[in-house]
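Q: Contents of target.cif (mmCIF, C-alpha atoms) are below:
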data_input
loop_
_atom_site.group_PDB
_atom_site.id
_atom_site.type_symbol
_atom_site.label_atom_id
_atom_site.label_comp_id
_atom_site.auth_asym_id
_atom_site.auth_seq_id
_atom_site.Cartn_x
_atom_site.Cartn_y
_atom_site.Cartn_z
ATOM 1 C CA THR G 80 251.891 385.426 83.805
ATOM 2 C CA GLN G 81 250.874 384.035 87.195
ATOM 3 C CA SER G 82 252.938 381.217 88.619
ATOM 4 C CA THR G 83 251.359 377.811 89.164
ATOM 5 C CA TRP G 84 251.652 378.248 92.914
ATOM 6 C CA GLY G 85 249.860 381.591 92.736
ATOM 7 C CA ILE G 86 246.950 380.036 90.842
ATOM 8 C CA ILE G 87 246.669 377.180 93.343
ATOM 9 C CA ARG G 88 246.624 379.592 96.305
ATOM 10 C CA LYS G 89 243.578 381.373 94.849
ATOM 11 C CA MET G 90 241.593 378.162 94.283
ATOM 12 C CA SER G 91 238.749 377.201 96.620
ATOM 13 C CA LEU G 92 238.767 373.991 98.632
ATOM 14 C CA SER G 93 236.308 372.298 96.238
ATOM 15 C CA GLN G 94 238.481 373.260 93.275
ATOM 16 C CA LEU G 95 241.568 371.878 94.970
ATOM 17 C CA LYS G 96 239.687 368.692 95.819
ATOM 18 C CA SER G 97 238.711 368.231 92.177
ATOM 19 C CA LEU G 98 242.389 368.306 91.207
ATOM 20 C CA VAL G 99 243.475 365.490 93.476
ATOM 21 C CA TRP G 100 240.284 363.469 93.992
ATOM 22 C CA ARG G 101 238.359 361.386 91.474
ATOM 23 C CA PRO G 102 234.768 360.343 92.190
ATOM 24 C CA ILE G 103 234.498 356.638 93.007
ATOM 25 C CA VAL G 104 231.542 354.460 92.049
ATOM 26 C CA PRO G 105 231.568 350.836 93.329
ATOM 27 C CA LEU G 106 230.226 348.306 90.836
ATOM 28 C CA ILE G 107 228.309 345.124 91.693
ATOM 29 C CA ARG G 108 227.247 342.643 89.013
ATOM 30 C CA VAL G 109 224.184 340.407 89.283
ATOM 31 C CA LYS G 110 224.780 337.847 86.563
ATOM 32 C CA GLY G 111 222.906 334.592 85.996
ATOM 33 C CA PRO G 112 219.888 332.896 87.582
ATOM 34 C CA ILE G 113 218.782 334.393 90.885
ATOM 35 C CA ASP G 114 218.833 331.943 93.766
ATOM 36 C CA ASN G 115 220.134 331.797 97.335
ATOM 37 C CA ASN G 116 223.682 331.615 95.996
ATOM 38 C CA MET G 117 223.180 334.909 94.175
ATOM 39 C CA THR G 118 221.853 336.466 97.386
ATOM 40 C CA TYR G 119 225.026 335.369 99.175
ATOM 41 C CA ARG G 120 227.156 336.846 96.379
ATOM 42 C CA VAL G 121 225.380 340.201 96.609
ATOM 43 C CA GLU G 122 225.732 340.202 100.393
ATOM 44 C CA GLN G 123 229.475 339.535 100.145
ATOM 45 C CA SER G 124 229.832 342.140 97.397
ATOM 46 C CA LEU G 125 228.256 344.824 99.588
ATOM 47 C CA LYS G 126 230.868 344.108 102.257
ATOM 48 C CA LYS G 127 233.562 345.126 99.756
ATOM 49 C CA VAL G 128 231.999 348.495 98.902
ATOM 50 C CA PRO G 129 234.177 351.453 100.040
ATOM 51 C CA TYR G 130 231.127 353.502 101.034
ATOM 52 C CA HIS G 131 233.161 356.146 102.891
ATOM 53 C CA PHE G 132 234.693 357.310 99.600
ATOM 54 C CA ALA G 133 231.897 356.401 97.161
ATOM 55 C CA SER G 134 229.744 358.905 95.286
ATOM 56 C CA ALA G 135 227.111 356.323 94.310
ATOM 57 C CA LEU G 136 226.509 352.583 93.989
ATOM 58 C CA ALA G 137 226.010 350.954 90.581
ATOM 59 C CA VAL G 138 224.434 347.514 90.086
ATOM 60 C CA VAL G 139 224.735 345.892 86.651
ATOM 61 C CA ILE G 140 222.110 343.199 86.021
ATOM 62 C CA ASN G 141 222.289 340.423 83.462
ATOM 63 C CA SER G 142 219.706 337.871 84.525
ATOM 64 C CA PRO G 143 216.613 336.116 83.134
ATOM 65 C CA GLY G 144 215.134 335.869 86.636
ATOM 66 C CA GLY G 145 214.855 333.261 89.344
ATOM 67 C CA SER G 146 213.415 332.831 92.809
ATOM 68 C CA ALA G 147 210.824 335.464 93.749
ATOM 69 C CA VAL G 148 211.875 335.265 97.403
ATOM 70 C CA GLN G 149 215.572 335.773 96.669
ATOM 71 C CA CYS G 150 214.827 338.670 94.282
ATOM 72 C CA ASN G 151 212.945 340.413 97.067
ATOM 73 C CA ILE G 152 215.754 339.783 99.565
ATOM 74 C CA ILE G 153 218.381 341.174 97.170
ATOM 75 C CA CYS G 154 216.277 344.289 96.545
ATOM 76 C CA LYS G 155 215.959 344.924 100.272
ATOM 77 C CA LYS G 156 219.687 344.469 100.838
ATOM 78 C CA LEU G 157 220.557 346.920 98.068
ATOM 79 C CA ARG G 158 218.007 349.500 99.167
ATOM 80 C CA ASN G 159 218.960 349.243 102.843
ATOM 81 C CA PHE G 160 222.656 349.610 102.023
ATOM 82 C CA SER G 161 221.939 352.620 99.831
ATOM 83 C CA GLN G 162 219.837 354.321 102.514
ATOM 84 C CA ASP G 163 222.135 353.472 105.427
ATOM 85 C CA HIS G 164 225.165 354.998 103.703
ATOM 86 C CA LYS G 165 223.283 357.740 101.844
ATOM 87 C CA LEU G 166 224.452 356.570 98.428
ATOM 88 C CA PRO G 167 222.298 357.000 95.321
ATOM 89 C CA LEU G 168 221.597 353.597 93.767
ATOM 90 C CA TYR G 169 221.823 353.255 89.982
ATOM 91 C CA THR G 170 220.784 349.998 88.289
ATOM 92 C CA PHE G 171 221.707 349.002 84.748
ATOM 93 C CA ALA G 172 220.425 346.175 82.546
ATOM 94 C CA GLU G 173 223.141 344.599 80.417
ATOM 95 C CA ASP G 174 222.027 341.799 78.041
ATOM 96 C CA VAL G 175 218.767 340.917 79.738
ATOM 97 C CA ALA G 176 216.844 342.008 82.834
ATOM 98 C CA ALA G 177 213.706 339.907 82.673
ATOM 99 C CA SER G 178 211.299 338.712 85.344
ATOM 100 C CA GLY G 179 213.352 338.618 88.557
ATOM 101 C CA GLY G 180 216.128 340.514 86.803
ATOM 102 C CA TYR G 181 213.714 343.365 86.146
ATOM 103 C CA PHE G 182 212.442 343.075 89.732
ATOM 104 C CA ILE G 183 215.963 343.953 90.936
ATOM 105 C CA LEU G 184 216.373 346.617 88.241
ATOM 106 C CA CYS G 185 213.419 348.478 89.792
ATOM 107 C CA ALA G 186 215.311 348.790 93.087
ATOM 108 C CA GLY G 187 217.445 351.617 91.714
ATOM 109 C CA ASP G 188 216.812 355.298 92.286
ATOM 110 C CA LYS G 189 217.428 355.489 88.543
ATOM 111 C CA SER G 190 217.249 352.548 86.140
ATOM 112 C CA TYR G 191 218.867 352.256 82.709
ATOM 113 C CA ALA G 192 219.239 349.753 79.877
ATOM 114 C CA ASP G 193 221.040 349.651 76.550
ATOM 115 C CA ARG G 194 218.949 349.920 73.376
ATOM 116 C CA PRO G 195 218.997 346.207 72.385
ATOM 117 C CA THR G 196 218.689 344.955 75.977
ATOM 118 C CA TRP G 197 215.714 342.697 76.789
ATOM 119 C CA VAL G 198 213.675 344.229 79.594
ATOM 120 C CA GLY G 199 210.420 343.281 81.299
ATOM 121 C CA SER G 200 208.678 339.911 81.584
ATOM 122 C CA ILE G 201 206.654 341.072 84.570
ATOM 123 C CA GLY G 202 205.117 337.709 85.314
ATOM 124 C CA VAL G 203 205.335 334.458 87.245
ATOM 125 C CA VAL G 204 205.913 330.949 85.926
ATOM 126 C CA PHE G 205 206.189 327.496 87.506
ATOM 127 C CA MET G 206 208.341 324.940 85.701
ATOM 128 C CA TRP G 207 209.195 321.398 86.712
ATOM 129 C CA ALA G 208 209.945 317.991 85.216
ATOM 130 C CA LYS G 209 207.928 314.845 85.768
ATOM 131 C CA ALA G 210 209.470 311.386 85.904
ATOM 132 C CA ARG G 211 206.652 309.311 87.368
ATOM 133 C CA LYS G 212 206.291 306.964 84.375
ATOM 134 C CA LEU G 213 210.034 306.376 84.309
ATOM 135 C CA ALA G 214 209.937 305.576 88.030
ATOM 136 C CA GLU G 215 207.091 303.098 87.486
ATOM 137 C CA ARG G 216 209.124 301.312 84.825
ATOM 138 C CA LEU G 217 211.939 300.989 87.345
ATOM 139 C CA GLY G 218 209.576 299.657 89.971
ATOM 140 C CA ILE G 219 209.613 302.806 92.100
ATOM 141 C CA LYS G 220 206.260 303.640 93.685
ATOM 142 C CA PRO G 221 206.035 307.091 95.296
ATOM 143 C CA CYS G 222 203.641 307.511 98.219
ATOM 144 C CA ASP G 223 201.735 310.765 98.840
ATOM 145 C CA ILE G 224 200.912 310.986 102.551
ATOM 146 C CA ASN G 225 199.825 314.600 103.084
ATOM 147 C CA LYS G 226 197.046 315.842 100.811
ATOM 148 C CA SER G 227 196.527 319.257 102.404
ATOM 149 C CA ASP G 228 196.777 322.407 100.304
ATOM 150 C CA ALA G 229 199.489 323.717 102.595
ATOM 151 C CA ASN G 230 201.980 321.209 101.167
ATOM 152 C CA LEU G 231 200.566 321.100 97.644
ATOM 153 C CA ILE G 232 203.267 323.086 95.868
ATOM 154 C CA SER G 233 206.244 321.345 97.449
ATOM 155 C CA ARG G 234 204.589 317.962 96.859
ATOM 156 C CA PHE G 235 203.584 318.751 93.292
ATOM 157 C CA MET G 236 207.084 319.906 92.313
ATOM 158 C CA TYR G 237 208.365 316.520 93.456
ATOM 159 C CA PRO G 238 209.338 314.759 90.168
ATOM 160 C CA LEU G 239 207.489 311.526 90.992
ATOM 161 C CA ALA G 240 204.170 313.130 91.939
ATOM 162 C CA ASN G 241 200.997 312.741 89.912
ATOM 163 C CA PRO G 242 199.915 315.505 87.503
ATOM 164 C CA PRO G 243 197.594 318.025 89.203
ATOM 165 C CA ASP G 244 193.856 317.552 89.147
ATOM 166 C CA LYS G 245 191.464 320.492 88.632
ATOM 167 C CA ARG G 246 191.434 321.447 92.313
ATOM 168 C CA GLU G 247 195.218 321.392 92.562
ATOM 169 C CA HIS G 248 195.617 323.274 89.303
ATOM 170 C CA ALA G 249 193.264 326.002 90.559
ATOM 171 C CA TYR G 250 195.249 326.306 93.792
ATOM 172 C CA LEU G 251 198.525 326.642 91.891
ATOM 173 C CA HIS G 252 197.001 329.244 89.612
ATOM 174 C CA LYS G 253 195.806 331.260 92.611
ATOM 175 C CA THR G 254 199.280 331.129 94.139
ATOM 176 C CA MET G 255 200.806 332.385 90.892
ATOM 177 C CA LEU G 256 198.324 335.262 90.787
ATOM 178 C CA ASP G 257 199.300 336.236 94.338
ATOM 179 C CA LEU G 258 202.960 336.347 93.341
ATOM 180 C CA GLN G 259 202.070 338.273 90.189
ATOM 181 C CA THR G 260 200.213 340.858 92.277
ATOM 182 C CA LYS G 261 203.233 341.313 94.548
ATOM 183 C CA PHE G 262 205.454 341.759 91.484
ATOM 184 C CA ILE G 263 203.115 344.407 90.036
ATOM 185 C CA ASP G 264 202.929 346.210 93.393
ATOM 186 C CA HIS G 265 206.734 346.304 93.501
ATOM 187 C CA VAL G 266 206.922 347.805 89.997
ATOM 188 C CA GLU G 267 204.181 350.331 90.765
ATOM 189 C CA SER G 268 205.807 351.458 94.007
ATOM 190 C CA SER G 269 209.229 351.728 92.365
ATOM 191 C CA ARG G 270 208.336 353.114 88.952
ATOM 192 C CA GLY G 271 204.650 354.045 89.122
ATOM 193 C CA ALA G 272 205.226 357.770 88.687
ATOM 194 C CA GLY G 273 207.576 357.215 85.751
ATOM 195 C CA ILE G 274 205.429 354.750 83.805
ATOM 196 C CA LYS G 275 203.989 356.463 80.742
ATOM 197 C CA VAL G 276 201.104 354.039 80.195
ATOM 198 C CA PRO G 277 197.704 354.970 81.710
ATOM 199 C CA VAL G 278 196.910 353.040 84.874
ATOM 200 C CA GLU G 279 193.842 351.341 83.392
ATOM 201 C CA GLU G 280 195.892 350.022 80.447
ATOM 202 C CA ARG G 281 198.949 348.776 82.326
ATOM 203 C CA ARG G 282 197.705 345.267 83.076
ATOM 204 C CA ASP G 283 197.127 344.534 79.382
ATOM 205 C CA LYS G 284 200.154 346.375 77.999
ATOM 206 C CA LEU G 285 202.825 345.849 80.657
ATOM 207 C CA TYR G 286 201.869 343.076 83.048
ATOM 208 C CA GLN G 287 201.409 340.139 80.665
ATOM 209 C CA ALA G 288 205.040 338.951 80.878
ATOM 210 C CA ASN G 289 205.964 340.882 77.716
ATOM 211 C CA VAL G 290 209.641 341.450 76.924
ATOM 212 C CA VAL G 291 210.654 344.658 75.148
ATOM 213 C CA SER G 292 213.882 346.278 74.012
ATOM 214 C CA GLY G 293 215.623 348.840 76.177
ATOM 215 C CA GLU G 294 214.591 351.609 73.788
ATOM 216 C CA ARG G 295 210.937 350.569 73.983
ATOM 217 C CA ALA G 296 211.200 350.187 77.762
ATOM 218 C CA ALA G 297 212.301 353.828 78.011
ATOM 219 C CA GLU G 298 209.295 354.868 75.903
ATOM 220 C CA LEU G 299 206.948 352.952 78.203
ATOM 221 C CA GLY G 300 208.613 354.227 81.342
ATOM 222 C CA LEU G 301 209.864 350.831 82.523
ATOM 223 C CA ILE G 302 213.315 352.439 82.788
ATOM 224 C CA ASP G 303 214.406 356.052 83.135
ATOM 225 C CA GLU G 304 216.701 356.358 80.139
ATOM 226 C CA VAL G 305 218.723 354.387 77.617
ATOM 227 C CA GLY G 306 222.391 354.052 78.511
ATOM 228 C CA THR G 307 225.188 351.935 79.952
ATOM 229 C CA TYR G 308 226.828 352.433 83.316
ATOM 230 C CA ARG G 309 229.917 353.959 81.733
ATOM 231 C CA SER G 310 228.041 356.461 79.578
ATOM 232 C CA VAL G 311 225.537 357.477 82.281
ATOM 233 C CA LEU G 312 227.843 357.693 85.286
ATOM 234 C CA GLY G 313 230.631 359.159 83.181
ATOM 235 C CA LYS G 314 228.374 362.181 82.604
ATOM 236 C CA LYS G 315 227.101 362.403 86.172
ATOM 237 C CA PHE G 316 230.558 362.031 87.708
ATOM 238 C CA PRO G 317 233.280 363.355 85.359
ATOM 239 C CA ASN G 318 236.583 361.525 85.602
ATOM 240 C CA VAL G 319 234.838 358.761 87.567
ATOM 241 C CA ARG G 320 236.744 355.690 88.718
ATOM 242 C CA PHE G 321 234.793 352.419 88.875
ATOM 243 C CA VAL G 322 235.713 350.009 91.642
ATOM 244 C CA GLU G 323 234.773 346.377 90.947
ATOM 245 C CA CYS G 324 233.220 344.970 94.121
ATOM 246 C CA THR G 325 231.554 341.851 92.721
ATOM 247 C CA TYR G 326 232.227 338.845 94.919
ATOM 248 C CA GLU G 327 234.394 336.131 93.369
ATOM 249 C CA SER G 328 234.935 332.650 94.702
ATOM 250 C CA ARG G 329 238.476 331.331 94.664
ATOM 251 C CA LEU G 330 237.697 329.198 91.643
ATOM 252 C CA GLU G 331 236.293 332.189 89.727
ATOM 253 C CA LYS G 332 239.307 334.268 90.641
ATOM 254 C CA TRP G 333 241.596 331.502 89.436
ATOM 255 C CA ARG G 334 239.718 331.312 86.130
ATOM 256 C CA ARG G 335 240.022 335.056 85.638
ATOM 257 C CA VAL G 336 243.737 335.103 86.483
ATOM 258 C CA TYR G 337 244.652 332.184 84.230
ATOM 259 C CA GLY G 338 242.416 333.187 81.332
ATOM 260 C CA GLY G 339 242.216 330.501 78.642
ATOM 261 C CA ALA G 340 243.147 327.759 81.091
ATOM 262 C CA GLN G 341 239.632 327.922 82.522
ATOM 263 C CA THR G 342 238.288 325.633 79.786
ATOM 264 C CA MET G 343 240.623 322.814 80.780
ATOM 265 C CA LEU G 344 238.857 320.002 82.623
ATOM 266 C CA TYR G 345 240.934 318.213 85.208
ATOM 267 C CA GLU G 346 239.314 314.907 84.371
ATOM 268 C CA ASP G 347 240.744 315.229 80.849
ATOM 269 C CA MET G 348 244.339 315.820 81.920
ATOM 270 C CA GLU G 349 246.857 313.351 80.559
ATOM 271 C CA PRO G 350 247.906 310.570 82.954
ATOM 272 C CA GLU G 351 251.454 311.937 82.851
ATOM 273 C CA ALA G 352 250.295 315.275 84.286
ATOM 274 C CA ARG G 353 251.497 315.703 87.864
ATOM 275 C CA LEU G 354 250.455 318.283 90.427
ATOM 276 C CA THR G 355 254.118 318.793 91.328
ATOM 277 C CA ASP G 356 254.862 319.882 87.745
ATOM 278 C CA LEU G 357 252.542 322.897 88.005
ATOM 279 C CA PRO G 358 253.674 326.391 89.091
ATOM 280 C CA GLN G 359 253.488 326.962 92.835
ATOM 281 C CA GLN G 360 250.952 329.822 92.527
ATOM 282 C CA PHE G 361 248.763 327.588 90.359
ATOM 283 C CA VAL G 362 248.898 324.850 93.006
ATOM 284 C CA GLN G 363 247.922 327.261 95.793
ATOM 285 C CA GLU G 364 244.935 328.618 93.879
ATOM 286 C CA LEU G 365 243.897 325.122 92.900
ATOM 287 C CA SER G 366 244.075 323.893 96.472
ATOM 288 C CA GLY G 367 242.244 326.934 97.797
ATOM 289 C CA ALA G 368 239.393 326.308 95.370
ATOM 290 C CA CYS G 369 239.008 322.792 96.822
ATOM 291 C CA LEU G 370 239.489 321.145 93.430
ATOM 292 C CA LEU G 371 240.629 317.603 93.946
ATOM 293 C CA TYR G 372 243.467 316.271 91.847
ATOM 294 C CA THR G 373 244.667 312.843 92.858
ATOM 295 C CA SER G 374 248.421 312.761 92.672
ATOM 296 C CA PRO G 375 250.076 309.363 92.103
ATOM 297 C CA SER G 376 250.991 307.269 95.094
ATOM 298 C CA PRO G 377 254.670 306.492 95.834
ATOM 299 C CA ARG G 378 254.115 302.984 94.449
ATOM 300 C CA ASP G 379 252.782 304.440 91.160
ATOM 301 C CA ARG G 380 255.729 306.794 90.960
ATOM 302 C CA GLN G 381 258.110 303.884 91.437
ATOM 303 C CA LYS G 382 256.353 301.913 88.682
ATOM 304 C CA SER G 383 256.556 304.876 86.289
ATOM 305 C CA ARG G 384 260.343 304.978 86.782
ATOM 306 C CA MET G 385 260.793 301.249 86.016
ATOM 307 C CA PRO G 386 261.749 300.454 82.418
ATOM 308 C CA SER G 387 259.204 298.467 80.421
ATOM 309 C CA SER G 388 259.841 294.781 79.937
ATOM 310 C CA ALA G 389 259.114 294.931 76.207
#
Before anything else, please render the file you have as structure tokens.
A:
Amino acid sequence: TQSTWGIIRKMSLSQLKSLVWRPIVPLIRVKGPIDNNMTYRVEQSLKKVPYHFASALAVVINSPGGSAVQCNIICKKLRNFSQDHKLPLYTFAEDVAASGGYFILCAGDKSYADRPTWVGSIGVVFMWAKARKLAERLGIKPCDINKSDANLISRFMYPLANPPDKREHAYLHKTMLDLQTKFIDHVESSRGAGIKVPVEERRDKLYQANVVSGERAAELGLIDEVGTYRSVLGKKFPNVRFVECTYESRLEKWRRVYGGAQTMLYEDMEPEARLTDLPQQFVQELSGACLLYTSPSPRDRQKSRMPSSA
């Protein structure tokens, strides 16, 4: 039989590389409502991606949506990063990728979802709370100075503003339709060729803010296939190693490190609890997260040492 060294000498460079090198796929998670904070998290996550050694970039989405502007910004950041570093971009829906979550899902070169995942909701909604009557009871009288349409939305979303009249309602509806059109254009440009519904039927069947399962989404062409990031990328890149690149704040990192302690509220700590009694690593993480815990003053410490007079 041939010796191990003899076999290795006959192997090509690509075969040798496969023995010592595992494909790396960085993983970024988009979880929760999409706002400017989420955009910052994605931006910081991209800075952690080891693109020199990566075979692809995977983005896992679990979001019901959010700001249309921030969704668009996140999509551009992901696409630009993918193109600049020549990395294929794969997007995956976890529990839900609805509205803005689906907007980001469409940014991938290939998009996937699990069978029971909620996908879709290609629509626009305005939601706000009104407290004008409560303010009137408290003697607060809001004053509307600018009545131009240019400031209508920002003024109307003010909690103490009056309900919209017919003209204002029509203007808001027109604005929503404009946003809806931009959303549809984004889906068509990203997935138009893969959508299996005839063009003339798409507005009624797909673009009425309907939510479907991942399996149904694959049938309609809203995603490429059913699957999770592990099952899909495990087939595309055998022996793949996932590198978690999702940005974590210091507080989030502390919660992950200390596990069950994350449910403890500092306001509920017993009066006897002292910052000096905690482990040093715990204190450093706590201080780094800018969580304030008021330690007793020297006078309070002295009182606690004095015996009771009872």
Q: Between G:Ser146, G:Thr325, G:Thr196, G:Ser310, single out the one closest to G:Gly179, counting all atoms listed in the file.
A: G:Ser146
Q: Which value, in Å to one decimal, gives the distance between atom CA of G:Arg320 and atom CA of G:Lys156?
A: 23.7 Å
Q: Can you tell me which residues surround G:Pro167 at a distance of at most 12 Å, considering all atoms listed in the file, apart from same-chain residues fewer than 5 positions away, and format the answer as a CSV table (one decimal) with C-alpha atoms, in the frame of the given file?
A:
chain,number,residue,atom,x,y,z
G,104,VAL,CA,231.5,354.5,92.0
G,105,PRO,CA,231.6,350.8,93.3
G,130,TYR,CA,231.1,353.5,101.0
G,133,ALA,CA,231.9,356.4,97.2
G,134,SER,CA,229.7,358.9,95.3
G,135,ALA,CA,227.1,356.3,94.3
G,136,LEU,CA,226.5,352.6,94.0
G,137,ALA,CA,226.0,351.0,90.6
G,138,VAL,CA,224.4,347.5,90.1
G,157,LEU,CA,220.6,346.9,98.1
G,158,ARG,CA,218.0,349.5,99.2
G,159,ASN,CA,219.0,349.2,102.8
G,160,PHE,CA,222.7,349.6,102.0
G,161,SER,CA,221.9,352.6,99.8
G,162,GLN,CA,219.8,354.3,102.5
G,186,ALA,CA,215.3,348.8,93.1
G,187,GLY,CA,217.4,351.6,91.7
G,188,ASP,CA,216.8,355.3,92.3
G,189,LYS,CA,217.4,355.5,88.5
G,190,SER,CA,217.2,352.5,86.1
G,312,LEU,CA,227.8,357.7,85.3
G,315,LYS,CA,227.1,362.4,86.2
Q: Name the closest residue to G:Val266 among the candidates G:Lys332, G:Arg309, G:Val319, G:Gly199; distances are taken between atoms, counting all atoms listed in the file.
A: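 With all atoms listed in the file as the atom set, the closest residue is G:Gly199.
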Q: Separation of atom CA of G:Gly293 and atom CA of G:Val148, in Å?
A: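 Result for atom CA of G:Gly293 versus atom CA of G:Val148: 25.5 Å, one decimal.
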Q: Starting from the displayed file, determine the output of the PyMOL selection byres ((chain G and resi 107) around 10) and express the residue list as a compact mmCIF listing (two decimals) with C-alpha atoms, keeping the file's coordinate frame.
A:
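Result file is part.txt:
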# COMPACT_ATOMS: atom_id res chain seq x y z
CA VAL G 104 231.54 354.46 92.05
CA PRO G 105 231.57 350.84 93.33
CA LEU G 106 230.23 348.31 90.84
CA ARG G 108 227.25 342.64 89.01
CA VAL G 109 224.18 340.41 89.28
CA LYS G 110 224.78 337.85 86.56
CA ARG G 120 227.16 336.85 96.38
CA VAL G 121 225.38 340.20 96.61
CA SER G 124 229.83 342.14 97.40
CA LEU G 125 228.26 344.82 99.59
CA LYS G 127 233.56 345.13 99.76
CA VAL G 128 232.00 348.50 98.90
CA LEU G 136 226.51 352.58 93.99
CA ALA G 137 226.01 350.95 90.58
CA VAL G 138 224.43 347.51 90.09
CA VAL G 139 224.74 345.89 86.65
CA ILE G 140 222.11 343.20 86.02
CA THR G 170 220.78 350.00 88.29
CA VAL G 322 235.71 350.01 91.64
CA GLU G 323 234.77 346.38 90.95
CA CYS G 324 233.22 344.97 94.12
CA THR G 325 231.55 341.85 92.72
CA TYR G 326 232.23 338.84 94.92
Q: Pick from G:Tyr337, G:Phe316, G:Tyr181, G:Tyr191: nearest to G:His265, with only C-alpha atoms counted?
A: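 Distance minimum relative to G:His265 lands on G:Tyr181.
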Q: Would you mind reading off the distance between atom CA of G:Asn318 and atom CA of G:Pro129, one decimal, in Å?
A: 17.8 Å
Q: Which polymer residues, protein or nucleic acid, are no farther than 10 Å from (225.0, 339.7, 83.5), counting all atoms listed in the file, as an NGL selection string?
A: :G and (108-112 or 139-143 or 171-176 or 180)
